[in-house]
Amino acid sequence: MTANSVVAPSIILSAPQLAENIGAAARVMANFGLSDLRLVNPRDGWPQDRAWASASGADWPLDEAQVFDDVAGAVGDLQLVFATTARPRELQLPVITPREAAARLAEAAAEGMRTGLLFGGERAGLETSDVALCQAVVTVPVDPRFHSLNLAQAVALNAYEWRMTQAAGPPPKFREGPPPADQAAMMGLYGHLETELDAAGFFHPPEKRPSMIQNLRSALGRAQFSDQEVRTFRGVVTALSRGRGRVLEKLARQKSDAAPPAET
């Protein structure tokens with residue numbers, strides 16, 4: 001391990017029952033940068049093809065998964081381990097949220113410690129003797145009316161919080177867009193729109209015209225139009241204004257046709 005590297009927490013699944021849940025857990029591990037998967041007495045043995053199918057391509061945690069006979073063996077090389085459970089225990093251990101747990105794990109990992117998160121099986125969760133091997137209990141603040149979480153969901157919540165300690169910002173944009181138009185282009189748009197709105201009689205009563213213009217400019221400015229979007233919007237204004245002219249022309253022509261002929 002280099003001086004600047006941080007080892008992500010190991011994910012330990014104790015007595016997992018369903019291969020699909022193991023695969024789903026591996027999938028969310030891969031989503032959030034975790035790869036060290038440890039299995040304690042999986043019910044149906046290991047490996048299981050259904051796990052790979054459920055992982056949807058996140059194969060590396062499964063390919064390198066280690067299998068242990070007991071929790072003590074699975075956490076033997078770790079220096080800080082948190083147990084995840086929603087059930088109260090008689091043990092006097094700190095109870096923390098996934099966010100607090102992630103912060104503590106990140107701090108320990110930055111100091112070169114090997115860390116882990118222990119999850120119980122789908123049916124009965126963790127044994128008290130297994131929790132006793134850990135340094136704190138992690139509990140997700142779910143609604144007390146239904147506190148049961150799917151195994152992969154529990155892994156996902158904790159893995160996400162870990163990821164946020166390592167990459168708290170949003171991911172890079174999928175595609176960089178064009179820069180916003182300059183203010184000269186925006187002023188041209190404002191003037192164009194306001195001229196047509198004046199012609200249409202939109203600014204009424206006249207004394208409210210300044211505040212109405214201010215509101216329009218604020219709304220359009222927040223959009224941060226690109227140059228192309230400014231041109232498109234001005235094209236829209238032009239099309240609408242020409243349409244208005246055609247309507248007025250049609251009405252005038254109809255009025256002229258309906259008028260009686262002038263006397264000679």
# chains A, B, ... in the order shown; residues from 1 in each chain; ligands from 1
call {"tool": "closest_atom_pairs", "arguments": {"of": "range 150-192 of chain A", "to": "range 130-140 of chain A", "cutoff": "12 Å", "atoms": "only C-alpha atoms", "output": "JSON lines"}}
result
{"residue": "A:Gln153", "atom": "CA", "partner": "A:Val140", "partner_atom": "CA", "distance": 10.6}
{"residue": "A:Ala154", "atom": "CA", "partner": "A:Val140", "partner_atom": "CA", "distance": 8.0}
{"residue": "A:Val155", "atom": "CA", "partner": "A:Val140", "partner_atom": "CA", "distance": 10.8}
{"residue": "A:Ala156", "atom": "CA", "partner": "A:Val140", "partner_atom": "CA", "distance": 11.3}
{"residue": "A:Leu157", "atom": "CA", "partner": "A:Val140", "partner_atom": "CA", "distance": 8.1}
{"residue": "A:Asn158", "atom": "CA", "partner": "A:Val140", "partner_atom": "CA", "distance": 8.7}
{"residue": "A:Glu161", "atom": "CA", "partner": "A:Val140", "partner_atom": "CA", "distance": 11.3}
call {"tool": "residues_around", "arguments": {"residues": "Leu34 in chain A", "least_positions_apart": "3", "cutoff": "9 Å", "atoms": "only C-alpha atoms", "output": "list in words"}}
result
Ala8, Pro9, Ser10, Ile11, Ala26, Val28, Met29, Ala30, Asn31, Leu37, Pro61, Ala159 and Arg163 of chain A
call {"tool": "residues_around", "arguments": {"residues": "Arg123 in chain A", "least_positions_apart": "5", "cutoff": "12 Å", "atoms": "only C-alpha atoms", "output": "list of chain:residue names"}}
result
A:Ser14, A:Ala15, A:Pro16, A:Gln17, A:Leu18, A:Arg43, A:Ser148, A:Leu149, A:Asn150, A:Leu151
call {"tool": "residues_around", "arguments": {"residues": "Glu64 in chain A", "least_positions_apart": "4", "cutoff": "10 Å", "atoms": "only C-alpha atoms", "output": "ChimeraX atom specification"}}
result
/A:35-38,59-60
call {"tool": "residues_around", "arguments": {"residues": "Thr115 in chain A", "least_positions_apart": "6", "cutoff": "9 Å", "atoms": "only C-alpha atoms", "output": "JSON, numbers by chain"}}
result
{"A": [7, 8, 9, 10, 75, 77, 78, 79, 80, 81, 82, 105, 106, 108, 109]}
call {"tool": "atom_distance", "arguments": {"atom1": "CA of Met212 in chain A", "atom2": "CA of Tyr190 in chain A"}}
result
12.1 Å
call {"tool": "closest_residue", "arguments": {"among": "A:Val71, A:Pro94, A:Pro180, A:Thr238", "to": "Glu127 in chain A", "atoms": "only C-alpha atoms"}}
result
A:Val71
call {"tool": "select_by_dssp", "arguments": {"residues": "range 49-169 of chain A", "states": "helix (DSSP H, G or I)", "output": "ChimeraX atom specification"}}
result
/A:49-55,60-63,71-74,98-110,128-131,151-166
call {"tool": "select_by_dssp", "arguments": {"residues": "range 64-161 of chain A", "states": "strand (DSSP E or B)", "output": "compact mmCIF listing (two decimals) with N, CA and C atoms, in the first residue's frame"}}
result
# COMPACT_ATOMS: atom_id res chain seq x y z
N GLN A 66 -13.64 -14.36 -0.77
CA GLN A 66 -13.05 -15.33 0.15
C GLN A 66 -14.15 -15.96 1.00
N VAL A 67 -13.99 -17.22 1.31
CA VAL A 67 -14.99 -17.93 2.11
C VAL A 67 -14.35 -18.36 3.43
N PHE A 68 -15.09 -18.14 4.53
CA PHE A 68 -14.60 -18.44 5.87
C PHE A 68 -15.60 -19.32 6.61
N LEU A 80 -10.55 -2.53 12.37
CA LEU A 80 -11.76 -1.81 12.77
C LEU A 80 -12.93 -2.40 11.99
N VAL A 81 -13.91 -2.94 12.71
CA VAL A 81 -15.05 -3.58 12.07
C VAL A 81 -16.33 -3.07 12.73
N PHE A 82 -17.30 -2.72 11.91
CA PHE A 82 -18.61 -2.31 12.40
C PHE A 82 -19.65 -3.35 11.99
N ALA A 83 -20.55 -3.66 12.91
CA ALA A 83 -21.64 -4.60 12.64
C ALA A 83 -22.89 -3.83 12.25
N THR A 84 -23.56 -4.26 11.20
CA THR A 84 -24.79 -3.59 10.78
C THR A 84 -25.99 -4.41 11.22
N VAL A 95 -23.73 3.02 18.98
CA VAL A 95 -24.67 2.83 17.87
C VAL A 95 -24.59 4.07 16.99
N ILE A 96 -24.25 3.88 15.74
CA ILE A 96 -24.02 4.99 14.83
C ILE A 96 -24.77 4.76 13.52
N THR A 115 -10.23 -2.08 7.41
CA THR A 115 -11.55 -1.95 8.04
C THR A 115 -12.56 -2.86 7.36
N GLY A 116 -13.73 -3.00 8.00
CA GLY A 116 -14.77 -3.84 7.42
C GLY A 116 -16.15 -3.52 7.95
N LEU A 117 -17.13 -3.95 7.20
CA LEU A 117 -18.54 -3.85 7.58
C LEU A 117 -19.12 -5.26 7.56
N LEU A 118 -19.73 -5.65 8.68
CA LEU A 118 -20.27 -7.00 8.84
C LEU A 118 -21.78 -6.98 8.72
N PHE A 119 -22.31 -7.85 7.85
CA PHE A 119 -23.75 -7.94 7.62
C PHE A 119 -24.22 -9.35 7.95
N GLY A 121 -27.14 -12.59 7.94
CA GLY A 121 -27.92 -13.30 6.93
C GLY A 121 -29.35 -12.78 6.84
N GLY A 125 -30.20 -12.36 10.78
CA GLY A 125 -29.25 -11.29 11.05
C GLY A 125 -28.00 -11.82 11.73
N ALA A 136 -18.43 -1.19 16.88
CA ALA A 136 -19.63 -0.35 16.93
C ALA A 136 -20.73 -1.03 16.13
N VAL A 137 -21.95 -0.58 16.36
CA VAL A 137 -23.12 -1.09 15.64
C VAL A 137 -23.63 0.01 14.71
N VAL A 138 -23.84 -0.33 13.47
CA VAL A 138 -24.36 0.61 12.48
C VAL A 138 -25.84 0.29 12.24
call {"tool": "closest_residue", "arguments": {"among": "A:Ala199, A:Leu189, A:Asp69, A:Ala110", "to": "Arg242 in chain A", "atoms": "only C-alpha atoms"}}
result
A:Ala199
call {"tool": "atom_distance", "arguments": {"atom1": "CA of Gly221 in chain A", "atom2": "CA of Glu196 in chain A"}}
result
18.6 Å
call {"tool": "atom_distance", "arguments": {"atom1": "CA of Gln224 in chain A", "atom2": "CA of Ser241 in chain A"}}
result
23.8 Å
